file entry.txt (compact mmCIF, C-alpha atoms)
# COMPACT_ATOMS: atom_id res chain seq x y z
CA MET L 196 28.00 -5.98 15.68
CA ARG L 197 27.04 -9.61 14.99
CA LEU L 198 29.42 -9.76 12.06
CA ARG L 199 32.26 -8.93 14.41
CA VAL L 200 31.04 -11.40 17.04
CA SER L 201 30.72 -14.11 14.41
CA GLY L 202 34.27 -13.47 13.26
CA ASP L 203 35.53 -13.57 16.82
CA GLN L 204 33.96 -16.98 17.33
CA THR L 205 35.25 -18.54 14.13
CA GLY L 206 38.70 -16.99 14.29
CA ASN L 207 38.17 -15.19 11.01
CA GLU L 208 38.77 -11.49 10.54
CA TYR L 209 36.33 -9.40 8.55
CA ASP L 210 36.69 -5.81 7.48
CA LEU L 211 33.62 -4.07 8.87
CA ALA L 212 33.90 -1.27 6.33
CA LEU L 213 32.41 -3.67 3.78
CA VAL L 214 28.91 -3.01 5.11
CA MET L 215 29.32 0.61 4.07
CA GLY L 216 29.90 -0.42 0.47
CA GLU L 217 33.67 -0.44 0.31
CA GLU L 218 35.66 -3.13 -1.49
CA VAL L 219 33.98 -6.41 -0.58
CA ALA L 220 36.16 -8.88 -2.47
CA ALA L 221 39.13 -8.26 -0.20
CA SER L 222 37.10 -8.13 2.99
CA GLY L 223 37.72 -11.73 4.03
CA LEU L 224 34.03 -12.67 3.99
CA PRO L 225 33.56 -15.88 1.96
CA HIS L 226 31.70 -15.03 -1.26
CA GLY L 227 31.23 -11.51 0.04
CA ASP L 228 31.12 -10.13 -3.49
CA LEU L 229 28.22 -12.44 -4.41
CA MET L 230 26.36 -11.53 -1.25
CA ASN L 231 26.94 -7.83 -1.77
CA ASP L 232 25.75 -7.86 -5.35
CA PHE L 233 22.57 -9.72 -4.37
CA VAL L 234 21.64 -7.37 -1.54
CA GLU L 235 22.38 -4.28 -3.61
CA ALA L 236 20.33 -5.58 -6.54
CA ILE L 237 17.29 -6.46 -4.43
CA CYS L 238 17.36 -3.21 -2.46
CA ALA L 239 17.71 -1.23 -5.69
CA ARG L 240 14.71 -3.14 -7.13
CA ASP L 241 16.85 -3.90 -10.16
CA GLY L 242 15.22 -6.96 -11.77
CA PRO L 243 17.89 -7.86 -14.35
CA ARG L 244 20.74 -7.43 -11.87
CA THR L 245 18.83 -9.46 -9.27
CA ALA L 246 18.32 -12.28 -11.77
CA LYS L 247 22.00 -12.32 -12.70
CA SER L 248 23.11 -12.22 -9.08
CA ARG L 249 20.61 -14.93 -8.09
CA GLN L 250 21.96 -17.22 -10.77
CA ALA L 251 25.54 -16.62 -9.66
CA ILE L 252 24.72 -17.58 -6.06
CA VAL L 253 22.80 -20.68 -7.12
CA GLU L 254 25.68 -21.84 -9.32
CA THR L 255 28.30 -21.15 -6.67
CA LEU L 256 26.60 -21.90 -3.35
CA GLY L 257 23.38 -23.67 -4.26
CA GLU L 258 19.70 -22.88 -4.29
CA GLY L 259 19.32 -23.13 -0.52
CA ALA L 260 21.95 -20.44 0.00
CA MET L 261 20.17 -18.15 -2.43
CA VAL L 262 16.84 -18.64 -0.66
CA ASP L 263 18.33 -17.97 2.76
CA ALA L 264 20.15 -14.90 1.50
CA ALA L 265 16.91 -13.53 0.01
CA ALA L 266 15.14 -14.24 3.30
CA VAL L 267 17.67 -12.29 5.36
CA ILE L 268 17.60 -9.37 2.93
CA ALA L 269 13.80 -9.34 3.14
CA ALA L 270 13.85 -9.39 6.94
CA PHE L 271 16.26 -6.48 7.01
CA ASN L 272 13.93 -4.48 4.89
CA ALA L 273 11.58 -4.75 7.87
CA TYR L 274 13.65 -4.17 11.01
CA PRO L 275 15.07 -0.79 9.95
CA ARG L 276 11.62 0.44 8.90
CA MET L 277 10.13 -0.68 12.23
CA ALA L 278 12.91 1.05 14.15
CA ASP L 279 12.81 4.24 12.11
CA ALA L 280 9.01 4.53 12.09
CA THR L 281 8.74 4.26 15.87
CA GLY L 282 11.91 6.13 16.81
CA ILE L 283 13.39 3.40 18.92
CA PRO L 284 16.97 4.09 20.01
CA LEU L 285 19.84 1.69 20.45
CA GLU L 286 19.68 -0.08 23.79
CA ASP L 287 22.27 1.28 26.25
CA ALA L 288 24.23 -1.97 26.30
CA LYS L 289 24.25 -2.19 22.53
CA GLU L 290 25.29 1.43 22.18
CA ALA L 291 28.26 0.87 24.45
CA ALA L 292 29.19 -2.38 22.73
CA THR L 293 29.13 -0.81 19.27
CA ALA L 294 30.87 2.47 20.08
CA GLU L 295 34.17 1.35 18.57
CA MET L 296 32.48 -0.09 15.49
CA ARG L 297 30.45 3.07 14.86
CA GLU L 298 33.63 5.11 15.13
CA GLU L 299 35.38 2.75 12.70
CA LEU L 300 32.55 3.05 10.17
CA GLY L 301 32.15 6.78 10.54
CA LEU L 302 28.53 6.47 11.65
CA GLU L 303 28.89 9.10 14.34
CA ALA L 304 28.80 11.69 11.57
CA PHE L 305 25.10 10.93 11.25
CA ASN L 306 24.52 12.08 14.84
CA GLN L 307 26.32 15.38 14.54
CA GLY L 308 23.72 17.43 12.73
CA MET P 202 -5.72 -26.46 -1.07
CA ALA P 203 -2.47 -25.14 -2.55
CA GLN P 204 -1.32 -21.84 -1.08
CA ALA P 205 0.62 -19.02 -2.70
CA TYR P 206 4.14 -20.09 -1.77
CA ASP P 207 3.55 -23.81 -2.40
CA GLY P 208 4.22 -22.90 -6.03
CA ALA P 209 7.55 -21.12 -5.48
CA PRO P 210 10.03 -21.73 -8.32
CA VAL P 211 12.67 -22.91 -5.83
CA ALA P 212 12.56 -25.18 -2.79
CA LEU P 213 11.77 -23.29 0.41
CA ARG P 214 12.37 -24.45 3.97
CA PRO P 215 8.96 -25.77 5.10
CA ASP P 216 8.86 -23.39 8.09
CA LEU P 217 9.62 -20.43 5.84
CA ARG P 218 7.10 -21.48 3.18
CA ASP P 219 4.37 -21.87 5.82
CA ALA P 220 5.15 -18.48 7.38
CA LEU P 221 4.98 -16.79 3.97
CA ASN P 222 1.66 -18.48 3.25
CA ARG P 223 0.24 -17.34 6.60
CA THR P 224 1.40 -13.77 6.03
CA HIS P 225 -0.01 -13.69 2.51
CA GLU P 226 -3.44 -14.80 3.78
CA ARG P 227 -3.40 -12.48 6.80
CA LEU P 228 -2.89 -9.43 4.62
CA ALA P 229 -6.54 -9.84 3.62
CA GLN P 230 -7.94 -10.88 7.00
CA THR P 231 -9.54 -8.64 9.58
CA GLY P 232 -6.85 -7.12 11.73
CA SER P 233 -6.88 -5.46 15.14
CA TRP P 234 -7.66 -1.93 13.92
CA LEU P 235 -8.03 -2.40 10.16
CA SER P 236 -10.55 -4.42 8.19
CA GLY P 237 -9.41 -7.02 5.70
CA ARG P 238 -10.24 -4.61 2.87
CA GLN P 239 -8.19 -1.84 4.47
CA ARG P 240 -5.22 -4.15 5.04
CA LEU P 241 -5.23 -5.17 1.39
CA ASP P 242 -5.47 -1.52 0.37
CA VAL P 243 -2.51 -0.63 2.59
CA ALA P 244 -0.43 -3.43 1.04
CA THR P 245 -1.41 -2.31 -2.47
CA GLU P 246 -0.61 1.33 -1.68
CA ALA P 247 2.78 0.25 -0.28
CA ARG P 248 3.55 -1.32 -3.66
CA ASN P 249 2.33 1.78 -5.46
CA ALA P 250 4.58 4.06 -3.39
CA TRP P 251 7.70 3.21 -5.40
CA ASP P 252 6.24 4.99 -8.44
CA CYS P 253 5.17 8.15 -6.58
CA PRO P 254 6.85 11.29 -8.08
CA LEU P 255 6.51 13.17 -4.79
CA CYS P 256 8.36 10.39 -2.96
CA GLN P 257 11.08 10.36 -5.61
CA ALA P 258 11.54 14.13 -5.35
CA SER P 259 11.47 13.94 -1.57
CA ARG P 260 14.18 11.31 -1.45
CA GLU P 261 16.47 13.48 -3.56
CA ALA P 262 15.89 16.56 -1.41
CA LEU P 263 18.09 17.56 1.51
CA SER P 264 15.03 17.35 3.75
CA PRO P 265 11.73 15.65 2.93
CA TYR P 266 10.00 18.76 4.27
CA THR P 267 11.41 20.97 1.53
CA VAL P 268 9.25 19.18 -1.08
CA THR P 269 5.53 19.80 -1.17
CA GLY P 270 2.69 18.30 -3.15
CA ASP P 271 0.43 15.31 -3.14
CA HIS P 272 1.35 11.66 -3.23
CA ALA P 273 0.33 9.72 -6.34
CA SER P 274 -2.02 7.37 -4.53
CA LEU P 275 -4.53 4.78 -5.69
CA GLY P 276 -7.26 6.82 -4.00
CA ARG P 277 -8.54 4.07 -1.74
CA LEU P 278 -7.20 5.39 1.56
CA PRO P 279 -7.19 8.77 3.35
CA ASP P 280 -4.32 11.11 2.44
CA ARG P 281 -2.76 10.85 5.90
CA TRP P 282 -2.64 7.06 5.67
CA VAL P 283 -1.03 7.35 2.24
CA ASP P 284 1.69 9.64 3.61
CA VAL P 285 2.47 7.18 6.39
CA ILE P 286 2.68 4.28 3.94
CA HIS P 287 4.74 6.07 1.29
CA ARG P 288 7.28 7.45 3.74
CA VAL P 289 7.75 4.10 5.49
CA VAL P 290 8.29 2.38 2.17
CA THR P 291 10.42 4.88 0.25
CA ASP P 292 12.34 6.98 2.77
CA PRO P 293 12.47 5.16 6.12
CA GLY P 294 15.86 6.52 7.12
CA ARG P 295 14.42 10.02 7.53
CA LEU P 296 11.24 9.29 9.45
CA SER P 297 10.88 11.52 12.49
CA ALA P 298 8.76 12.29 15.51
CA ARG P 299 7.36 15.19 13.49
CA TRP P 300 6.15 12.80 10.78
CA TYR P 301 4.56 10.55 13.41
CA HIS P 302 2.82 13.40 15.20
CA ASP P 303 1.59 14.82 11.90
CA ALA P 304 -0.22 11.52 11.38
CA LEU P 305 -1.74 11.73 14.87
CA ASP P 306 -2.73 15.37 14.39
CA GLY P 307 -4.24 14.40 11.04
CA GLY P 308 -6.77 12.18 12.79
CA MET P 309 -5.20 8.72 12.76
CA ALA P 310 -5.47 6.71 15.95
CA GLU P 311 -2.01 5.70 17.14
CA ASP P 312 -3.02 2.04 17.01
CA GLU P 313 -4.07 2.55 13.37
CA ILE P 314 -0.68 4.05 12.55
CA ILE P 315 1.08 1.03 14.01
CA GLU P 316 -1.03 -1.49 12.10
CA VAL P 317 -0.62 0.50 8.88
CA ILE P 318 3.17 0.51 9.40
CA SER P 319 3.15 -3.23 10.05
CA VAL P 320 1.10 -4.10 6.97
CA ALA P 321 3.17 -1.82 4.74
CA VAL P 322 6.34 -3.42 6.08
CA GLN P 323 4.98 -6.92 5.42
CA ALA P 324 4.19 -5.96 1.83
CA VAL P 325 7.75 -4.69 1.36
CA VAL P 326 9.21 -7.82 2.92
CA ILE P 327 7.15 -10.19 0.81
CA ASP P 328 8.02 -8.29 -2.35
CA CYS P 329 11.75 -8.27 -1.53
CA PHE P 330 11.70 -12.01 -0.99
CA THR P 331 9.67 -12.92 -4.05
CA ALA P 332 11.82 -10.66 -6.24
CA GLY P 333 14.93 -12.20 -4.72
CA ILE P 334 13.97 -15.79 -5.50
CA GLY P 335 12.59 -14.89 -8.93
CA MET P 336 8.92 -15.52 -8.17
CA ASP P 337 6.02 -13.52 -9.51
CA ARG P 338 4.09 -11.79 -6.76
CA PRO P 339 1.10 -14.00 -5.86
CA ALA P 340 -2.38 -12.63 -6.55
CA PRO P 341 -3.90 -11.13 -3.41
CA PRO P 342 -6.45 -13.26 -1.58
CA PRO P 343 -10.02 -11.95 -1.28
CA ALA P 344 -10.64 -9.65 1.67
CA SER P 345 -12.32 -11.31 4.62
CA PRO P 346 -15.51 -9.80 6.01
CA GLY P 347 -15.67 -8.61 9.59
CA GLU P 348 -14.80 -5.58 11.65
CA PRO P 349 -11.71 -5.13 13.84
CA ASP P 350 -12.30 -4.95 17.58
CA ARG P 351 -10.11 -1.81 17.89
CA LYS P 352 -9.04 -2.65 21.40
CA HIS P 353 -6.42 -0.30 22.87
CA PRO P 354 -4.08 -1.86 25.47
CA ALA P 355 -4.25 0.29 28.59
CA GLU P 356 -0.77 -0.84 29.66
CA ALA P 357 0.92 0.77 26.62
CA LYS P 358 3.04 3.87 27.28
CA THR P 359 5.08 6.14 25.04
CA GLY P 360 8.68 4.95 24.68
CA PRO P 361 11.43 3.97 24.17
CA GLY P 362 10.95 5.99 20.96
CA TRP P 363 8.06 8.27 20.02
CA ALA P 364 5.47 5.49 19.68
CA ALA P 365 3.58 3.89 22.53
CA THR P 366 4.64 0.31 23.28
CA ILE P 367 4.02 -2.37 25.87
CA ALA P 368 7.15 -2.69 28.00
CA PRO P 369 8.13 -6.21 29.12
CA ARG P 370 7.43 -5.28 32.74
CA ASP P 371 3.92 -4.09 31.84
CA ALA P 372 2.95 -7.05 29.64
CA GLY P 373 -0.11 -8.87 30.94
CA PRO P 374 -0.49 -12.64 31.09
CA ASP P 375 -1.81 -12.78 27.54
CA PHE P 376 1.27 -11.06 26.12
CA ALA P 377 4.16 -11.80 28.51
CA ASP P 378 5.23 -14.81 26.42
CA PHE P 379 6.12 -12.41 23.58
CA TYR P 380 9.14 -11.41 25.61
CA ASP P 381 10.23 -14.96 26.50
CA ASN P 382 13.89 -15.98 26.23
CA GLU P 383 15.11 -12.53 27.28
CA SER P 384 13.96 -11.14 23.94
CA HIS P 385 13.54 -7.66 25.34
CA PHE P 386 15.20 -5.94 22.42
CA TYR P 387 13.72 -2.57 21.56
CA ILE P 388 13.14 -3.69 17.98
CA ARG P 389 10.85 -6.48 19.21
CA ARG P 390 8.98 -3.96 21.32
CA SER P 391 8.57 -1.41 18.54
CA LEU P 392 5.05 -2.27 17.30
CA THR P 393 3.61 -3.84 20.46
CA LEU P 394 0.93 -1.18 20.78
CA VAL P 395 -1.09 -3.59 18.61
CA PRO P 396 -0.19 -6.91 20.22
CA ASP P 397 -1.88 -9.34 17.83
CA GLU P 398 -0.52 -7.49 14.82
CA THR P 399 3.01 -7.51 16.18
CA ARG P 400 2.68 -11.27 16.66
CA ARG P 401 1.60 -11.60 13.02
CA LEU P 402 4.61 -9.64 11.83
CA TRP P 403 7.12 -11.50 13.98
CA ASP P 404 5.67 -14.83 12.89
CA LEU P 405 7.12 -13.98 9.49
CA LEU P 406 10.35 -12.30 10.60
CA ASN P 407 11.36 -15.18 12.87
CA HIS P 408 11.44 -17.52 9.86
CA LEU P 409 13.16 -15.12 7.50
CA TYR P 410 16.02 -14.32 9.87
CA LEU P 411 16.52 -15.99 13.24
CA GLU P 412 14.00 -16.46 16.03
CA ASP P 413 16.77 -15.98 18.57
CA PRO P 414 19.58 -13.77 17.21
CA ARG P 415 21.70 -14.56 20.28
CA VAL P 416 22.57 -18.00 18.89
CA PHE P 417 26.18 -18.48 17.92
CA GLU P 418 27.12 -19.73 14.49
CA LEU P 419 23.70 -21.22 13.70
CA ASP P 420 23.86 -23.93 16.39
CA GLY P 421 21.18 -26.42 15.46
CA LEU P 422 19.77 -24.26 12.65
CA GLU P 423 19.62 -25.31 9.03
CA ARG P 424 20.77 -22.46 6.81
CA GLY P 425 22.51 -22.38 3.43
CA ILE P 426 24.78 -19.47 4.36
CA SER P 427 27.06 -18.86 7.34
CA ARG P 428 26.31 -16.67 10.32
CA ALA P 429 28.89 -14.17 9.10
CA GLN P 430 27.24 -14.03 5.67
CA ILE P 431 23.83 -13.58 7.31
CA GLU P 432 25.08 -10.69 9.41
CA PHE P 433 26.80 -9.08 6.46
CA LEU P 434 23.55 -9.15 4.46
CA ALA P 435 21.67 -7.78 7.47
CA ALA P 436 24.08 -4.92 8.04
CA ARG P 437 24.40 -4.10 4.35
CA ALA P 438 20.62 -4.04 3.79
CA SER P 439 20.21 -1.75 6.80
CA ALA P 440 22.96 0.55 5.54
CA LEU P 441 21.37 0.73 2.09
CA LEU P 442 18.15 1.87 3.77
CA GLY P 443 20.06 4.53 5.67
CA CYS P 444 19.35 2.85 9.01
CA TYR P 445 22.03 2.20 11.58
CA TYR P 446 19.94 0.75 14.42
call {"tool": "encode", "arguments": {"input": "entry.txt", "output": "structure tokens"}}
result
Amino acid sequence: MRLRVSGDQTGNEYDLALVMGEEVAASGLPHGDLMNDFVEAICARDGPRTAKSRQAIVETLGEGAMVDAAAVIAAFNAYPRMADATGIPLEDAKEAATAEMREELGLEAFNQG
Amino acid sequence: MAQAYDGAPVALRPDLRDALNRTHERLAQTGSWLSGRQRLDVATEARNAWDCPLCQASREALSPYTVTGDHASLGRLPDRWVDVIHRVVTDPGRLSARWYHDALDGGMAEDEIIEVISVAVQAVVIDCFTAGIGMDRPAPPPASPGEPDRKHPAEAKTGPGWAATIAPRDAGPDFADFYDNESHFYIRRSLTLVPDETRRLWDLLNHLYLEDPRVFELDGLERGISRAQIEFLAARASALLGCYY
């Protein structure tokens, strides 16, 4: 949801399907391909791919960008585990606000047994 | 005295470096329901979970309950604790109320479950970050002596999921500040059954991500990537874990 809000505020348009692993390069997100490769490499625990991706981000965006990207990826290896381990649902307001997005991404399929 | 993340191979924001150092030390300190030794053992078992054949088979199965056997554990913790840790680490997208109640029925106190989850999560987070920046995992600090006070908050009630939590309206004067700035999100509430532990966890998370996710376009925050890039990484990491919260 925040990705869409961020785009609304900056006037940029982003294809939300990119978070589901579809073509990132054409999504409109600046350096989306670099970001995607980094998050996939870290989450897959793929050391060589992580090293290559890290170097690409440092060379293109700088060391600070790489550190902040790693930090966000680390944080979002926590929030989902906290939510899933305790069974917390989406808040009502958030559920309503993301209904269109979940439809767009096909996430409702996960709730239909 | 130099701390673990003072020697990072890249420059870290000072607030982030300090939060990582605090978390690293706290993994070995006496917790609310776990001793320092137990917390270190939980963190070590969380790291061991990735190599567990049962977990690998379970992840590939249609349902984790169709695979039986024993976890490949380090043997330092009870089997039920090991199951909680391994499932949280390796297959979080398919955790269920049944899994949680199995842990309770197996003799774990609910407060213990929550602290075990929190410590396992912190181990995963630290490892993700250190791997990301190309740093070797720091050696664990020695376990602190001392016993946890094992104090159960009477104001905790089951909900909004299957775990007991302290709702903002029920928070006493010593915990009400945790919900300051309208931060009543369910995710913030998720592990509040163990108030001091949830503060320890969020002390790290606030510096990795954003203390107040309501801010627009990083007003006043120093970050090397844009808000849109941050939210893409957040959403993509969650999707890769099979979580759509």
call {"tool": "closest_atom_pairs", "arguments": {"input": "entry.txt", "of": "chain P", "to": "chain L", "cutoff": "6 Å", "atoms": "all atoms listed in the file", "output": "Markdown table"}}
result
| residue | atom | partner | partner_atom | distance |
| --- | --- | --- | --- | --- |
| P:Pro293 | CA | L:Arg276 | CA | 5.5 |
| P:Leu296 | CA | L:Ala280 | CA | 5.9 |
| P:Val322 | CA | L:Ala273 | CA | 5.7 |
| P:Val326 | CA | L:Ala269 | CA | 4.8 |
| P:Cys329 | CA | L:Ala269 | CA | 5.2 |
| P:Phe330 | CA | L:Ala269 | CA | 5.3 |
| P:Gly333 | CA | L:Ala265 | CA | 5.3 |
| P:Pro361 | CA | L:Ile283 | CA | 5.6 |
| P:Gly362 | CA | L:Ile283 | CA | 4.1 |
| P:Trp363 | CA | L:Gly282 | CA | 5.5 |
| P:Ala364 | CA | L:Thr281 | CA | 5.2 |
| P:Leu406 | CA | L:Ala270 | CA | 5.8 |
| P:Leu409 | CA | L:Ala266 | CA | 4.7 |
| P:Tyr410 | CA | L:Val267 | CA | 5.2 |
| P:Gly425 | CA | L:Ala260 | CA | 4.0 |
| P:Ile426 | CA | L:Ala260 | CA | 5.3 |
| P:Ala429 | CA | L:Leu198 | CA | 5.3 |
| P:Glu432 | CA | L:Leu198 | CA | 5.2 |
| P:Ala435 | CA | L:Phe271 | CA | 5.6 |
| P:Ala436 | CA | L:Val214 | CA | 6.0 |
| P:Arg437 | CA | L:Val214 | CA | 4.7 |
| P:Ala438 | CA | L:Phe271 | CA | 5.9 |
| P:Cys444 | CA | L:Pro275 | CA | 5.7 |
call {"tool": "closest_residue", "arguments": {"input": "entry.txt", "among": "P:Ala258, P:Leu405, P:Ile286, P:Val211", "to": "Glu316 in chain P", "atoms": "all atoms listed in the file"}}
result
P:Ile286
call {"tool": "axis_aligned_box", "arguments": {"input": "entry.txt", "around": "range 295-308 of chain P", "padding_each_side": "3 Å", "output": "JSON"}}
result
{"center_x": 3.8, "center_y": 12.3, "center_z": 11.5, "size_x": 27.2, "size_y": 12.1, "size_z": 14.0}
call {"tool": "residues_around", "arguments": {"input": "entry.txt", "residues": "range 267-282 of chain P", "least_positions_apart": "5", "cutoff": "10 Å", "atoms": "all atoms listed in the file", "output": "PyMOL selection string"}}
result
chain P and resi 238-239+242-243+245-247+249-256+258-262+287+303-309+313-314+317-318
call {"tool": "closest_residue", "arguments": {"input": "entry.txt", "among": "P:Val285, P:Ala324, P:Met336, P:Ala298", "to": "Ala205 in chain P", "atoms": "all atoms listed in the file"}}
result
P:Met336
call {"tool": "atom_distance", "arguments": {"input": "entry.txt", "atom1": "CA of Leu228 in chain P", "atom2": "CA of Pro342 in chain P"}}
result
8.1 Å
call {"tool": "atom_distance", "arguments": {"input": "entry.txt", "atom1": "CA of Asp397 in chain P", "atom2": "CA of Gln230 in chain P"}}
result
12.5 Å
call {"tool": "atom_distance", "arguments": {"input": "entry.txt", "atom1": "CA of Leu422 in chain P", "atom2": "CA of Pro215 in chain P"}}
result
13.3 Å
call {"tool": "closest_residue", "arguments": {"input": "entry.txt", "among": "P:Pro349, P:Ser297, P:Ala340, P:Ser233", "to": "Arg400 in chain P", "atoms": "all atoms listed in the file"}}
result
P:Ser233
call {"tool": "residues_near_point", "arguments": {"input": "entry.txt", "point": "(3.0, -6.3, 17.7)", "cutoff": "10 Å", "atoms": "all atoms listed in the file", "output": "PyMOL selection string"}}
result
chain P and resi 315-316+319+366-367+376+379+389-403
call {"tool": "residues_around", "arguments": {"input": "entry.txt", "residues": "Ala344 in chain P", "least_positions_apart": "4", "cutoff": "12 Å", "atoms": "all atoms listed in the file", "output": "ChimeraX atom specification"}}
result
/P:225-232,235-242,244,348
call {"tool": "write_last_selection", "arguments": {"input": "entry.txt", "atoms": "C-alpha atoms", "output": "compact mmCIF listing (two decimals), in the coordinates of the input"}}
result
# COMPACT_ATOMS: atom_id res chain seq x y z
CA HIS P 225 -0.01 -13.69 2.51
CA GLU P 226 -3.44 -14.80 3.78
CA ARG P 227 -3.40 -12.48 6.80
CA LEU P 228 -2.89 -9.43 4.62
CA ALA P 229 -6.54 -9.84 3.62
CA GLN P 230 -7.94 -10.88 7.00
CA THR P 231 -9.54 -8.64 9.58
CA GLY P 232 -6.85 -7.12 11.73
CA LEU P 235 -8.03 -2.40 10.16
CA SER P 236 -10.55 -4.42 8.19
CA GLY P 237 -9.41 -7.02 5.70
CA ARG P 238 -10.24 -4.61 2.87
CA GLN P 239 -8.19 -1.84 4.47
CA ARG P 240 -5.22 -4.15 5.04
CA LEU P 241 -5.23 -5.17 1.39
CA ASP P 242 -5.47 -1.52 0.37
CA ALA P 244 -0.43 -3.43 1.04
CA GLU P 348 -14.80 -5.58 11.65
